[in-house]
file target20.txt (compact mmCIF, C-alpha atoms)
# COMPACT_ATOMS: atom_id res chain seq x y z
CA MET A 189 0.00 0.00 0.00
CA GLY A 190 1.59 3.26 -1.13
CA ARG A 191 1.24 6.72 0.35
CA GLY A 192 -1.28 9.02 -1.28
CA ARG A 193 -0.22 12.25 -2.90
CA VAL A 194 0.09 15.09 -0.37
CA GLN A 195 -2.10 18.06 -1.16
CA MET A 196 -0.03 21.25 -1.14
CA LYS A 197 -1.89 23.46 1.30
CA ARG A 198 -1.36 24.65 4.85
CA ILE A 199 -1.79 21.88 7.44
CA GLU A 200 -4.53 23.01 9.81
CA ASN A 201 -3.70 20.76 12.77
CA PRO A 202 -0.83 22.51 14.62
CA VAL A 203 0.64 19.24 15.93
CA HIS A 204 0.71 17.63 12.47
CA ARG A 205 2.08 20.89 11.05
CA GLN A 206 4.94 20.91 13.58
CA VAL A 207 5.75 17.21 13.01
CA THR A 208 5.75 17.73 9.23
CA PHE A 209 7.96 20.82 9.60
CA CYS A 210 10.52 18.93 11.72
CA LYS A 211 10.65 15.93 9.38
CA ARG A 212 10.77 17.91 6.13
CA ARG A 213 13.32 20.38 7.52
CA ALA A 214 15.62 17.50 8.45
CA GLY A 215 15.11 15.97 4.98
CA LEU A 216 15.83 19.28 3.23
CA LEU A 217 19.05 19.84 5.20
CA LYS A 218 20.14 16.23 4.54
CA LYS A 219 19.53 16.63 0.78
CA ALA A 220 21.50 19.90 0.77
CA LYS A 221 24.48 18.17 2.44
CA GLU A 222 24.28 15.26 -0.03
CA LEU A 223 24.17 17.65 -3.02
CA SER A 224 27.17 19.51 -1.66
CA VAL A 225 29.21 16.32 -1.23
CA LEU A 226 28.17 14.72 -4.53
CA CYS A 227 28.59 17.81 -6.72
CA ASP A 228 31.20 19.79 -4.75
CA ALA A 229 28.74 22.70 -4.49
CA GLU A 230 28.64 25.45 -1.88
CA ILE A 231 25.14 25.53 -0.43
CA GLY A 232 23.54 27.82 2.11
CA VAL A 233 20.08 27.12 3.52
CA VAL A 234 18.19 29.48 5.83
CA ILE A 235 14.87 28.41 7.39
CA PHE A 236 12.69 30.42 9.76
CA SER A 237 10.00 28.39 11.53
CA ALA A 238 6.47 29.71 12.08
CA HIS A 239 7.57 30.67 15.60
CA GLY A 240 10.56 32.63 14.30
CA LYS A 241 13.26 30.08 15.16
CA LEU A 242 16.24 30.13 12.78
CA TYR A 243 17.72 27.00 11.20
CA GLU A 244 20.68 27.38 8.88
CA LEU A 245 23.21 25.27 7.03
CA ALA A 246 26.39 26.31 5.25
CA THR A 247 28.07 23.32 3.63
CA LYS A 248 31.46 25.03 3.11
CA GLY A 249 32.76 27.78 5.36
CA THR A 250 30.30 29.91 7.27
CA MET A 251 26.94 31.39 6.41
CA GLN A 252 28.46 34.89 6.64
CA GLU A 253 31.03 34.03 3.94
CA LEU A 254 28.26 32.65 1.70
CA ILE A 255 26.16 35.80 2.20
CA GLU A 256 29.16 38.02 1.37
CA ARG A 257 29.81 36.01 -1.77
CA TYR A 258 26.13 36.25 -2.72
CA GLY A 259 26.28 40.04 -2.16
CA LYS A 260 29.24 40.33 -4.55
CA TYR A 261 27.36 38.47 -7.29
CA THR A 262 24.15 40.46 -6.88
CA GLY A 263 25.84 43.85 -6.46
CA GLY A 264 24.96 44.24 -2.78
CA PRO A 265 26.87 46.50 -0.37
CA PRO A 266 30.55 45.58 0.20
CA ALA A 267 31.24 43.44 3.24
CA ASP A 268 33.94 45.75 4.63
CA GLU A 269 31.52 48.66 5.16
CA PRO A 270 31.04 49.41 8.86
CA MET A 271 27.72 48.12 10.10
CA VAL A 272 26.08 50.11 12.84
CA GLU A 273 22.59 48.65 12.51
CA PRO A 274 23.35 45.10 13.73
CA MET A 275 24.53 46.50 17.08
CA GLN A 276 21.34 48.51 17.47
CA ASP A 277 19.27 45.50 16.40
CA ALA A 278 21.09 43.35 18.95
CA LYS A 279 20.37 45.85 21.74
CA LYS A 280 16.70 46.00 20.77
CA GLU A 281 16.53 42.21 20.69
CA ILE A 282 18.18 41.98 24.13
CA GLU A 283 15.64 44.41 25.55
CA MET A 284 12.75 42.48 23.98
CA LEU A 285 14.10 39.20 25.36
CA LYS A 286 14.48 40.72 28.83
CA GLN A 287 10.86 41.90 28.73
CA GLU A 288 9.72 38.51 27.48
CA ILE A 289 11.61 36.70 30.27
CA GLU A 290 10.10 39.05 32.83
CA ILE A 291 6.59 38.41 31.47
CA LEU A 292 7.17 34.63 31.49
CA GLN A 293 8.48 34.67 35.07
CA LYS A 294 5.50 36.79 36.12
CA GLY A 295 3.21 34.35 34.27
CA LEU A 296 4.72 31.36 36.06
CA ARG A 297 4.21 33.05 39.43
CA TYR A 298 0.65 33.92 38.37
CA MET A 299 -0.13 30.34 37.28
CA PHE A 300 1.31 28.68 40.36
CA GLY A 301 -0.18 31.19 42.79
CA GLY A 302 3.19 32.44 44.02
CA GLY A 303 2.02 36.01 44.21
CA CYS A 304 -1.03 38.20 43.91
CA GLU A 305 0.24 39.86 40.75
CA TYR A 306 -2.07 41.38 38.20
CA MET A 307 -1.32 40.59 34.55
CA SER A 308 -2.34 42.90 31.74
CA LEU A 309 -4.11 41.63 28.62
CA ASN A 310 -0.90 41.93 26.55
CA GLU A 311 1.07 39.95 29.14
CA LEU A 312 -1.61 37.24 29.18
CA LEU A 313 -1.57 37.09 25.36
CA VAL A 314 2.23 36.66 25.36
CA LEU A 315 1.93 33.95 28.01
CA GLU A 316 -0.82 32.21 26.01
CA LYS A 317 1.36 32.29 22.87
CA HIS A 318 4.28 30.70 24.73
CA LEU A 319 2.04 28.07 26.30
CA GLU A 320 0.73 27.13 22.84
CA ILE A 321 4.30 26.85 21.52
CA TRP A 322 5.29 24.65 24.48
CA ILE A 323 2.18 22.47 24.09
CA ASN A 324 2.91 22.03 20.36
CA HIS A 325 6.51 21.14 21.16
CA ILE A 326 5.43 18.62 23.83
CA ARG A 327 2.84 17.08 21.50
CA SER A 328 5.39 16.88 18.69
CA THR A 329 7.90 15.14 20.98
CA LYS A 330 5.15 12.80 22.25
CA MET A 331 4.15 11.93 18.66
CA ASP A 332 7.80 11.20 17.76
CA ILE A 333 8.15 8.89 20.80
CA MET A 334 4.87 7.14 19.93
CA PHE A 335 5.99 6.65 16.31
CA GLN A 336 9.27 5.16 17.55
CA GLU A 337 7.43 2.82 19.94
CA ILE A 338 5.03 1.73 17.17
CA GLN A 339 7.99 1.02 14.87
CA MET A 340 9.73 -0.94 17.64
CA LEU A 341 6.56 -3.02 18.22
CA ARG A 342 6.26 -3.66 14.47
CA ASN A 343 9.89 -4.85 14.42
CA LYS A 344 9.20 -7.17 17.38
CA GLU A 345 6.07 -8.47 15.62
CA GLY A 346 8.14 -9.26 12.50
CA ILE A 347 10.77 -11.09 14.57
CA MET A 348 8.11 -13.11 16.42
CA LYS A 349 6.34 -14.02 13.14
CA ALA A 350 9.65 -15.23 11.69
CA ALA A 351 10.39 -17.26 14.85
CA ASN A 352 6.86 -18.70 14.80
CA LYS A 353 7.23 -19.73 11.14
CA CYS A 354 10.58 -21.36 11.91
CA LEU A 355 9.04 -23.32 14.81
CA HIS A 356 6.12 -24.47 12.62
CA GLU A 357 8.56 -25.71 9.97
CA THR A 358 10.60 -27.55 12.62
CA ILE A 359 7.46 -29.21 14.03
CA GLU A 360 6.26 -30.25 10.57
CA GLU A 361 9.70 -31.63 9.79
CA ASN A 362 9.76 -33.65 13.04
CA ILE A 363 6.24 -35.02 12.42
CA SER A 364 7.12 -36.14 8.89
CA ASN A 365 10.33 -37.85 10.14
CA THR A 366 8.54 -39.77 12.93
CA ASP A 367 7.03 -43.17 12.01
CA PHE A 368 4.37 -44.14 14.54
CA THR A 369 3.60 -47.56 12.97
CA THR A 370 6.91 -49.21 13.87
CA MET A 371 6.95 -48.18 17.52
CA THR A 372 7.33 -51.16 19.90
CA THR A 373 7.49 -51.31 23.65
CA ASN A 374 10.05 -53.15 25.74
CA MET A 375 7.54 -53.79 28.51
CA MET A 376 7.60 -57.30 29.96
CA HIS A 377 3.92 -57.39 30.86
CA PRO A 378 0.94 -55.87 29.08
CA LEU A 379 -0.79 -52.96 30.77
CA THR A 380 -3.61 -54.23 32.99
CA ILE A 381 -6.08 -52.33 35.09
CA ALA A 382 -7.44 -53.84 38.28
CA ASN A 383 -11.20 -54.44 38.15
CA ASN A 384 -11.82 -53.17 41.65
CA ILE A 385 -10.86 -49.58 40.66
CA PHE A 386 -14.06 -49.19 38.65
call {"tool": "encode", "arguments": {"input": "target20.txt", "output": "structure tokens"}}
result
Amino acid sequence: MGRGRVQMKRIENPVHRQVTFCKRRAGLLKKAKELSVLCDAEIGVVIFSAHGKLYELATKGTMQELIERYGKYTGGPPADEPMVEPMQDAKKEIEMLKQEIEILQKGLRYMFGGGCEYMSLNELLVLEKHLEIWINHIRSTKMDIMFQEIQMLRNKEGIMKAANKCLHETIEENISNTDFTTMTTNMMHPLTIANNIF
């Protein structure tokens, strides 16, 4: 039984979407590495997940070197120009992460009743978003573990079927080699049953 053709549209179930993303991302990165080794190509892959997590692969050198090389080919700005923006972006990102950590810590205290803190609507929305991400991650991990256990049980079933078949063949072989008609007993007296038992 073959797999049906996958319809190319957004997967509605968030758990299935996350599982598909993890599996296909791993497959894409594996294919990129194989193409690089087989064809001696320099490949750079950048993937941003739906939650904004970055996954990248540079098969030769670093991603920065690949980006600089790409910039030279496309006529982008030279790499040796001083960059002021990344520092400002980094500071903004640090501030955002600090605020996010503070909201999450406040949310944990709020959920576990560790304080009588009031949470604003925005803080609750951020907490809800993170809880959904964590739940999706937990469900994805649970699905992976369940798939592995199912595969392990299928492997055991195959081994047991093979062992069962082998035992059946051995039994049939032993039955065909045994000749019940020529069996004789070395008993001196025939088997008798005393009448007084019945």
call {"tool": "atom_distance", "arguments": {"input": "target20.txt", "atom1": "atom CA of A:Tyr243", "atom2": "atom CA of A:Leu285"}}
result
19.0 Å
call {"tool": "residues_around", "arguments": {"input": "target20.txt", "residues": "stretch 193-207 of chain A", "least_positions_apart": "3", "cutoff": "10 Å", "atoms": "all atoms listed in the file", "output": "ChimeraX atom specification"}}
result
/A:190,210-213,237-238,320-321,323-329,331-332
call {"tool": "write_last_selection", "arguments": {"input": "target20.txt", "atoms": "C-alpha atoms", "output": "PDB file, keeping the file's coordinate frame"}}
result
ATOM      1  CA  GLY A 190       1.590   3.260  -1.130  1.00  0.00           C
ATOM      2  CA  CYS A 210      10.520  18.930  11.720  1.00  0.00           C
ATOM      3  CA  LYS A 211      10.650  15.930   9.380  1.00  0.00           C
ATOM      4  CA  ARG A 212      10.770  17.910   6.130  1.00  0.00           C
ATOM      5  CA  ARG A 213      13.320  20.380   7.520  1.00  0.00           C
ATOM      6  CA  SER A 237      10.000  28.390  11.530  1.00  0.00           C
ATOM      7  CA  ALA A 238       6.470  29.710  12.080  1.00  0.00           C
ATOM      8  CA  GLU A 320       0.730  27.130  22.840  1.00  0.00           C
ATOM      9  CA  ILE A 321       4.300  26.850  21.520  1.00  0.00           C
ATOM     10  CA  ILE A 323       2.180  22.470  24.090  1.00  0.00           C
ATOM     11  CA  ASN A 324       2.910  22.030  20.360  1.00  0.00           C
ATOM     12  CA  HIS A 325       6.510  21.140  21.160  1.00  0.00           C
ATOM     13  CA  ILE A 326       5.430  18.620  23.830  1.00  0.00           C
ATOM     14  CA  ARG A 327       2.840  17.080  21.500  1.00  0.00           C
ATOM     15  CA  SER A 328       5.390  16.880  18.690  1.00  0.00           C
ATOM     16  CA  THR A 329       7.900  15.140  20.980  1.00  0.00           C
ATOM     17  CA  MET A 331       4.150  11.930  18.660  1.00  0.00           C
ATOM     18  CA  ASP A 332       7.800  11.200  17.760  1.00  0.00           C
TER      19      ASP A 332
END
call {"tool": "residues_around", "arguments": {"input": "target20.txt", "residues": "stretch 310-313 of chain A", "least_positions_apart": "6", "cutoff": "12 Å", "atoms": "only C-alpha atoms", "output": "list in words"}}
result
Gln287, Glu288, Ile289, Glu290, Ile291, Leu292, Gln293, Lys294, Gly295, Leu296, Tyr298, Met299, Leu319 and Glu320 of chain A
call {"tool": "write_last_selection", "arguments": {"input": "target20.txt", "atoms": "C-alpha atoms", "output": "PDB file, keeping the file's coordinate frame"}}
result
ATOM      1  CA  GLN A 287      10.860  41.900  28.730  1.00  0.00           C
ATOM      2  CA  GLU A 288       9.720  38.510  27.480  1.00  0.00           C
ATOM      3  CA  ILE A 289      11.610  36.700  30.270  1.00  0.00           C
ATOM      4  CA  GLU A 290      10.100  39.050  32.830  1.00  0.00           C
ATOM      5  CA  ILE A 291       6.590  38.410  31.470  1.00  0.00           C
ATOM      6  CA  LEU A 292       7.170  34.630  31.490  1.00  0.00           C
ATOM      7  CA  GLN A 293       8.480  34.670  35.070  1.00  0.00           C
ATOM      8  CA  LYS A 294       5.500  36.790  36.120  1.00  0.00           C
ATOM      9  CA  GLY A 295       3.210  34.350  34.270  1.00  0.00           C
ATOM     10  CA  LEU A 296       4.720  31.360  36.060  1.00  0.00           C
ATOM     11  CA  TYR A 298       0.650  33.920  38.370  1.00  0.00           C
ATOM     12  CA  MET A 299      -0.130  30.340  37.280  1.00  0.00           C
ATOM     13  CA  LEU A 319       2.040  28.070  26.300  1.00  0.00           C
ATOM     14  CA  GLU A 320       0.730  27.130  22.840  1.00  0.00           C
TER      15      GLU A 320
END
call {"tool": "atom_distance", "arguments": {"input": "target20.txt", "atom1": "atom CA of A:Met251", "atom2": "atom CA of A:Val225"}}
result
17.0 Å
call {"tool": "residues_around", "arguments": {"input": "target20.txt", "residues": "A:Ile231", "least_positions_apart": "5", "cutoff": "7 Å", "atoms": "all atoms listed in the file", "output": "list of chain:residue names"}}
result
A:Ala220, A:Ser224, A:Ala246, A:Thr247
call {"tool": "atom_distance", "arguments": {"input": "target20.txt", "atom1": "atom CA of A:Glu244", "atom2": "atom CA of A:Gly232"}}
result
7.4 Å
call {"tool": "build_atoms", "arguments": {"input": "target20.txt", "residues": "stretch 316-335 of chain A", "atoms": "N, CA and C atoms", "output": "tab-separated table (two decimals), keeping the file's coordinate frame"}}
result
chain	number	residue	atom	x	y	z
A	316	GLU	N	-0.02	33.18	26.77
A	316	GLU	CA	-0.82	32.21	26.01
A	316	GLU	C	-0.05	31.72	24.78
A	317	LYS	N	0.59	32.65	24.07
A	317	LYS	CA	1.36	32.29	22.87
A	317	LYS	C	2.47	31.31	23.22
A	318	HIS	N	3.18	31.59	24.32
A	318	HIS	CA	4.28	30.70	24.73
A	318	HIS	C	3.75	29.35	25.19
A	319	LEU	N	2.63	29.35	25.88
A	319	LEU	CA	2.04	28.07	26.30
A	319	LEU	C	1.65	27.22	25.09
A	320	GLU	N	1.09	27.86	24.05
A	320	GLU	CA	0.73	27.13	22.84
A	320	GLU	C	1.97	26.55	22.17
A	321	ILE	N	3.05	27.34	22.12
A	321	ILE	CA	4.30	26.85	21.52
A	321	ILE	C	4.81	25.66	22.31
A	322	TRP	N	4.80	25.75	23.64
A	322	TRP	CA	5.29	24.65	24.48
A	322	TRP	C	4.41	23.41	24.30
A	323	ILE	N	3.09	23.61	24.26
A	323	ILE	CA	2.18	22.47	24.09
A	323	ILE	C	2.44	21.80	22.75
A	324	ASN	N	2.61	22.61	21.68
A	324	ASN	CA	2.91	22.03	20.36
A	324	ASN	C	4.22	21.26	20.38
A	325	HIS	N	5.22	21.81	21.07
A	325	HIS	CA	6.51	21.14	21.16
A	325	HIS	C	6.38	19.82	21.92
A	326	ILE	N	5.63	19.84	23.02
A	326	ILE	CA	5.43	18.62	23.83
A	326	ILE	C	4.67	17.58	23.02
A	327	ARG	N	3.62	18.02	22.32
A	327	ARG	CA	2.84	17.08	21.50
A	327	ARG	C	3.68	16.49	20.38
A	328	SER	N	4.51	17.34	19.77
A	328	SER	CA	5.39	16.88	18.69
A	328	SER	C	6.36	15.82	19.21
A	329	THR	N	6.97	16.10	20.37
A	329	THR	CA	7.90	15.14	20.98
A	329	THR	C	7.17	13.85	21.34
A	330	LYS	N	5.95	13.98	21.89
A	330	LYS	CA	5.15	12.80	22.25
A	330	LYS	C	4.83	11.96	21.01
A	331	MET	N	4.47	12.64	19.91
A	331	MET	CA	4.15	11.93	18.66
A	331	MET	C	5.39	11.19	18.15
A	332	ASP	N	6.56	11.85	18.22
A	332	ASP	CA	7.80	11.20	17.76
A	332	ASP	C	8.07	9.94	18.58
A	333	ILE	N	7.90	10.05	19.91
A	333	ILE	CA	8.15	8.89	20.80
A	333	ILE	C	7.15	7.78	20.48
A	334	MET	N	5.88	8.16	20.25
A	334	MET	CA	4.87	7.14	19.93
A	334	MET	C	5.17	6.47	18.60
A	335	PHE	N	5.61	7.24	17.59
A	335	PHE	CA	5.99	6.65	16.31
A	335	PHE	C	7.14	5.67	16.48
